[in-house]
Every structure is written in C-alpha cells, then in structure tokens.
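Beneath this line is the structure, given in structure tokens, with notes to follow.
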Amino acid sequence: MESLRMMSLAVAAAVFATQASAQELTGTLKKVKESGTITVGYRDSSIPFSYLDDNQKPIGFAIDICRVIVDGVKSELKLDKLQVEFTPVTSSTRIPLLANGTIDLECGSTTNNPERLKQVAFTNTHFLTATRFVSKKANKLDMIDDLKGKSVASSSGTTNIKQLTEANAARNLGINIIPAKEHAESFLMVETDRAVAAVLDDILLASFVAGSKDPGAYVISKDAFSKPEPYGIMMRKDDPAFKKVVDAATSALYRSADGQKLYDKWFMQKIPPKGLNLNTPIGAELKHEFANPSDSPDPDSYKAM
C-alpha cells in the first residue's frame with residue numbers, strides 16, 4: 001500500500017504539470033468536482049484485474065491502476081479529498097452504465113477495439129491477451145476445430161463470445177454456444193460438464209484454472225481465436241479533458257519503475273484471497289507498451305521492438 005501511495009503521488013505530480021487552470025471544467029471533471037465523488041465500475045471475478053476479496057471489496061491490477069487515476073483527478077481538480085464509490089458491472093452492463101453516467105471509469109479486463117470505440121474511450125493499454133479456450137485434459141481438445149458439434153460456454157457481451165460465434169459460422173462447426181452472465185459462470189460450466197470448453201481471454205482462463213480444485217485437470221488451448229488484444233480502462237466518449245488527465249496518469253505510471261512493480265504484484269506473486277500465483281512474466285510486447293504508452297485498438301501495433 002505504501003508503494004501504491006508513493007506511485008500515486010508521483011502520478012499526481014505529473015498530472016498537475018498538465019493542468020490548465022484557466023479552462024472551465026466540462027464533462028466528467030465538472031461532474032466529479034461538483035459531486036466530490038468519482039464512481040468506479042468493477043468486475044467481481046476478473047482475477048487478477050478486478051475482483052472481490054474475502055471482505056467483498058474490489059481489488060486487482062486494474063483497480064490499483066484506477067486508484068492512481070483517481071489521485072490524478074484529485075490533483076487536477078485541486079481537491080482536498082475525493083470520495084470513491086465502487087459499482088459492480090458485468091460484460092453486458094459496463095458500457096451502458098458508463099454511457100448513462102452511473103460510473104465514470106470501468107476498471108476490469110475490457111478489450112479496446114474499433115467497435116467499442118464507437119461508444120466509449122480507452123486510456124493507455126495495461127495488458128495484452130488473446131482469446132482461447134479451456135477444457136478438461138481428459139477430453140483431449142486443443143484446436144478450435146476440435147469443438148465441432150460440442151457445447152461451449154462464453155460470457156455474454158464480450159469480444160470472446162463474438163469471436164466464438166464468428167469462428168463457428170465461418171468454419172461451419174455447429175457449436176452449441178452457451179452464453180454465461182459472468183466469467184466465473186463460464187468456467188463453472190466446464191467444471192460441471194455442462195460445456196466441454198469455455199472461451200475467454202487466456203489470462204482469465206489461467207486464473208480460473210489456478211483457483212480450481214484440481215488445476216492439473218485443465219488445459220488452455222494453444223490455438224487462439226484472435227491476435228493479442230489490448231486491455232484498457234474505459235471512459236466516456238468525447239470527453240477530451242478527462243481523457244487527458246487519465247492518459248497522463250496512466251502514462252506516468254507505466255513509464256516509471258512502479259509500473260513493473262505493480263505488474264509483478266499481481267502476476268508474479270501470491271495474490272489474495274487464496275494466495276494464487278499466476279506466474280505470468282511480463283511479455284516483450286507489454287514491456288514495450290509500458291515504455292511507449294498507447295491507446296491503440298490495433299493488435300498489430302503492439303509489437304516488441
């Protein structure tokens with residue numbers, strides 16, 4: 001927590017340098033200034049990005065990033081204190097709740113893509129993932145074509161279920177796609193044999209396998225439905241003043257040594273509440289992204305130099 005507080009202070013200083021005090025506040029900054037509150041949307045089972053601890057409080061890699069963003073906003077608005085309210089969101093509700101003003105930031109595991117950019121904005125990328133499937137080793141499934149004619153789960157309202165649907169149609173696989181309300185439900189369907197596989201972002205699948213009763217019973221496919229895709233914190237569209245503050249906060253964090261430390265905290269160490277260690281070292285592409293922050297939705301732009 002002390003490390004997080006120090007990085008927040010560093011980011012706040014960076015954001016403070018970008019202030020234009022003469023400008024009249026608009027959009028989210030005006031809303032937050034007038035209410036004294038900023039509302040953060042969180043996911044309840046997107047380990048290690050955004051999930052609930054034993055006390056039912058939101059924690060995770062994306063939540064820590066959002067706390068740094070909040071400190072940047074607080075500094076920008078010259079507030080002595082800024083109340084943070086947390087609101088649960090799902091794959092289906094996150095964009096509507098952001099658009100209607102219920103939440104101001106969505107801090108989870110949301111893919112930045114051109115389709116979503118028609119409705120929302122994203123700050124700099126904090127993770128790169130790909131869509132794959134998890135299944136029980138006993139079923140001996142690894143390639144997408146192995147799912148032909150079988151029941152497969154995926155979370156509704158996600159990029160994953162869209163890619164699964166497209167692959168199903170393009171390859172004429174005849175897959176019975178079962179929409180789940182949340183990521184945990186998708187994996188549960190595999191655990192209980194209601195589906196032979198669950199299609200989600202590979203890092204989320206890794207977290208569910210690590211937290212299962214028998215991690216050795218599962219395998220994540222090598223075959224992927226997508227190229228590496230960027231995760232970003234979502235904000236409302238057409239709010240450049242707020243985006244400037246958020247981008248400054250995330251850029252300062254990722255460029256600093258604290259960016260790597262924060263990554264290691266959630267991906268290379270035991271995390272609450274069960275002491276899981278995902279043991280997922282930062283990849284060359286994400287390391288390059290941290291050194292050169294970008295909000296690009298194009299998977300091809302994330303190549304290690």
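Every chain in the structure tokens has a letter given in the order shown (A, B, ...), and although residue numbers restart at 1 in each chain, ligands are simply numbered from 1 in the order shown.
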task: Taking the DSSP assignment computed from this structure's backbone, write out as a ChimeraX atom specification all residues of region 48-205 of chain A that belong to strand (DSSP E).
output: /A:50-52,58-59,83-88,105-107,120-122,127-129,131-136,151-155,176-180,197-201
- prompt: Contacts of region 190-194 of chain A at 10 Å or less, counting only C-alpha atoms, minus same-chain residues fewer than 4 places along, as a PyMOL selection string?
  reply: chain A and resi 134-136+151-153+178+185-186+198+209+212-214+217-218
Requested write-out: C-alpha atoms of the selected residues, as a compact mmCIF listing (two decimals), in the first residue's frame:
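What follows is the written file out.txt:
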# COMPACT_ATOMS: atom_id res chain seq x y z
CA VAL A 134 -10.08 -24.06 -21.57
CA SER A 135 -11.18 -27.68 -21.36
CA LYS A 136 -10.55 -30.77 -19.30
CA SER A 151 -21.41 -27.25 -26.22
CA VAL A 152 -19.11 -24.32 -25.47
CA ALA A 153 -19.61 -21.51 -22.93
CA ILE A 178 -23.99 -21.20 -24.20
CA GLU A 185 -20.09 -18.95 -14.66
CA SER A 186 -18.38 -19.72 -17.98
CA ALA A 198 -15.12 -22.07 -22.10
CA VAL A 209 -7.53 -22.89 -13.59
CA SER A 212 -9.84 -24.56 -9.26
CA LYS A 213 -9.97 -27.66 -7.06
CA ASP A 214 -7.77 -29.58 -9.50
CA ALA A 217 -7.19 -31.40 -14.80
CA TYR A 218 -7.44 -28.48 -17.22
task: Have a look at CA of Val245 (chain A) and CA of Ala304 (chain A) and let me know their distance in Å, one decimal.
output: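 It comes out at 26.8 Å.
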message: Nearest residue to Val246 (chain A) out of A:Thr131, A:Thr280, A:Ser226, A:Thr125, using only C-alpha atoms?
response: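 Closest residue, counting only C-alpha atoms: A:Thr125.
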- prompt: When distances are computed from only C-alpha atoms, which of A:Leu97, A:Ala197, A:Val40, A:Ile65 shows the smallest separation from Leu141 (chain A)?
  reply: A:Ala197
- request: Mind checking which residues fall within 12 Å of Lys274 (chain A), counting only C-alpha atoms, ignoring those fewer than 3 positions away in the same chain, and posting them as a list in words?
  value: Ile47, Pro48, Leu52, Asp53, Asp54, Ser207, Phe208, Ala210, Gly211, Ser212, Lys213, Gln269, Lys270, Ile271, Asn277 and Leu278 of chain A
Could those selected residues go to a file with N, CA and C atoms, as an mmCIF file, in the first residue's frame?
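As a result, part-v9.cif now contains:
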data_model
loop_
_atom_site.group_PDB
_atom_site.id
_atom_site.type_symbol
_atom_site.label_atom_id
_atom_site.label_comp_id
_atom_site.auth_asym_id
_atom_site.auth_seq_id
_atom_site.Cartn_x
_atom_site.Cartn_y
_atom_site.Cartn_z
ATOM 1 N N ILE A 47 -10.151 -12.058 -12.173
ATOM 2 C CA ILE A 47 -8.859 -12.197 -11.499
ATOM 3 C C ILE A 47 -7.740 -12.200 -12.549
ATOM 4 N N PRO A 48 -6.639 -11.464 -12.359
ATOM 5 C CA PRO A 48 -6.292 -10.626 -11.209
ATOM 6 C C PRO A 48 -6.554 -9.139 -11.452
ATOM 7 N N LEU A 52 -13.402 -9.462 -6.185
ATOM 8 C CA LEU A 52 -13.705 -9.213 -4.781
ATOM 9 C C LEU A 52 -12.824 -10.049 -3.862
ATOM 10 N N ASP A 53 -12.364 -9.414 -2.769
ATOM 11 C CA ASP A 53 -11.584 -10.154 -1.782
ATOM 12 C C ASP A 53 -12.519 -10.797 -0.757
ATOM 13 N N ASP A 54 -11.955 -11.329 0.307
ATOM 14 C CA ASP A 54 -12.766 -12.010 1.326
ATOM 15 C C ASP A 54 -13.735 -11.070 2.033
ATOM 16 N N SER A 207 -6.305 -17.795 -14.553
ATOM 17 C CA SER A 207 -6.661 -17.502 -13.164
ATOM 18 C C SER A 207 -7.708 -18.486 -12.646
ATOM 19 N N PHE A 208 -8.665 -18.848 -13.484
ATOM 20 C CA PHE A 208 -9.691 -19.805 -13.058
ATOM 21 C C PHE A 208 -9.093 -21.200 -12.857
ATOM 22 N N ALA A 210 -5.965 -21.859 -12.053
ATOM 23 C CA ALA A 210 -5.129 -21.801 -10.842
ATOM 24 C C ALA A 210 -5.970 -21.871 -9.575
ATOM 25 N N GLY A 211 -7.175 -21.326 -9.635
ATOM 26 C CA GLY A 211 -8.031 -21.299 -8.457
ATOM 27 C C GLY A 211 -8.979 -22.481 -8.340
ATOM 28 N N SER A 212 -8.918 -23.421 -9.278
ATOM 29 C CA SER A 212 -9.835 -24.556 -9.263
ATOM 30 C C SER A 212 -9.394 -25.624 -8.268
ATOM 31 N N LYS A 213 -10.277 -26.589 -8.011
ATOM 32 C CA LYS A 213 -9.972 -27.657 -7.063
ATOM 33 C C LYS A 213 -8.858 -28.568 -7.574
ATOM 34 N N GLN A 269 3.380 -12.792 -7.992
ATOM 35 C CA GLN A 269 3.379 -13.028 -6.553
ATOM 36 C C GLN A 269 2.037 -13.625 -6.133
ATOM 37 N N LYS A 270 1.993 -14.164 -4.923
ATOM 38 C CA LYS A 270 0.730 -14.679 -4.402
ATOM 39 C C LYS A 270 -0.246 -13.528 -4.194
ATOM 40 N N ILE A 271 -1.482 -13.733 -4.640
ATOM 41 C CA ILE A 271 -2.486 -12.675 -4.520
ATOM 42 C C ILE A 271 -3.660 -13.158 -3.667
ATOM 43 N N ASN A 277 -0.723 -17.754 -7.374
ATOM 44 C CA ASN A 277 0.356 -17.091 -8.105
ATOM 45 C C ASN A 277 0.202 -17.479 -9.571
ATOM 46 N N LEU A 278 -0.162 -16.499 -10.412
ATOM 47 C CA LEU A 278 -0.376 -16.789 -11.831
ATOM 48 C C LEU A 278 0.939 -17.022 -12.567
#
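If only C-alpha atoms are the atoms counted, then among A:Leu79, A:Leu29, A:Leu262, A:Leu286 the closest residue to Gly60 (chain A) is A:Leu262.
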Distance in Å - CA of Lys33 (chain A) versus CA of Gly72 (chain A): 13.0 Å
message: What's the separation between CA of Gly259 (chain A) and CA of Asp295 (chain A), in Å to one decimal place?
response: 16.2 Å
- request: Using only C-alpha atoms, determine which residues lie at most 10 Å from Glu85 (chain A), disregarding the query and same-chain residues fewer than 4 positions distant; provide the list as a list in words.
  value: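 Non-adjacent residues within range: Thr37, Ile38, Thr39, Val40, Gly41, Ile103 and Asp104 of chain A.
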Keeping only N, CA and C atoms, take the residues you just selected and write them out as a PDB file, in the first residue's frame.
ATOM      1  N   THR A  37     -17.306  13.200  -5.796  1.00  0.00           N
ATOM      2  CA  THR A  37     -17.280  11.739  -5.857  1.00  0.00           C
ATOM      3  C   THR A  37     -16.945  11.272  -7.272  1.00  0.00           C
ATOM      4  N   ILE A  38     -16.148  10.230  -7.367  1.00  0.00           N
ATOM      5  CA  ILE A  38     -15.898   9.577  -8.649  1.00  0.00           C
ATOM      6  C   ILE A  38     -16.316   8.116  -8.498  1.00  0.00           C
ATOM      7  N   THR A  39     -17.032   7.596  -9.490  1.00  0.00           N
ATOM      8  CA  THR A  39     -17.588   6.248  -9.386  1.00  0.00           C
ATOM      9  C   THR A  39     -16.847   5.292 -10.313  1.00  0.00           C
ATOM     10  N   VAL A  40     -16.358   4.217  -9.734  1.00  0.00           N
ATOM     11  CA  VAL A  40     -15.553   3.233 -10.441  1.00  0.00           C
ATOM     12  C   VAL A  40     -16.348   1.941 -10.620  1.00  0.00           C
ATOM     13  N   GLY A  41     -16.454   1.484 -11.857  1.00  0.00           N
ATOM     14  CA  GLY A  41     -17.094   0.203 -12.128  1.00  0.00           C
ATOM     15  C   GLY A  41     -16.087  -0.924 -12.015  1.00  0.00           C
ATOM     16  N   ILE A 103     -21.311   5.185 -13.843  1.00  0.00           N
ATOM     17  CA  ILE A 103     -19.901   5.046 -13.479  1.00  0.00           C
ATOM     18  C   ILE A 103     -19.066   6.011 -14.328  1.00  0.00           C
ATOM     19  N   ASP A 104     -17.898   6.377 -13.814  1.00  0.00           N
ATOM     20  CA  ASP A 104     -17.006   7.299 -14.531  1.00  0.00           C
ATOM     21  C   ASP A 104     -15.798   6.594 -15.131  1.00  0.00           C
TER      22      ASP A 104
END
Picked from region 61-128 of chain A by DSSP as alpha helix (DSSP H), as a PyMOL selection string: chain A and resi 61-76+94-99
query: Leaving out Tyr51 (chain A) and any residue of its chain fewer than 3 positions from it, which residues lie within 10 Å of it when counting only C-alpha atoms, given as a list in words?
result: Tyr42, Arg43, Asp44, Ser45, Ser46, Ile47, Pro48, Gln56, Lys57, Pro58, Ile59, Gly60, Phe61, Ala62, Ile63, Pro88, Cys107 and Gly108 of chain A
message: Taking 2 positions as the minimum chain separation for residues in the same chain, which residues sit within 6 Å of Asn113 (chain A) when counting only C-alpha atoms? Answer as an MDAnalysis selection string.
response: chainID A and resid 115:116 297
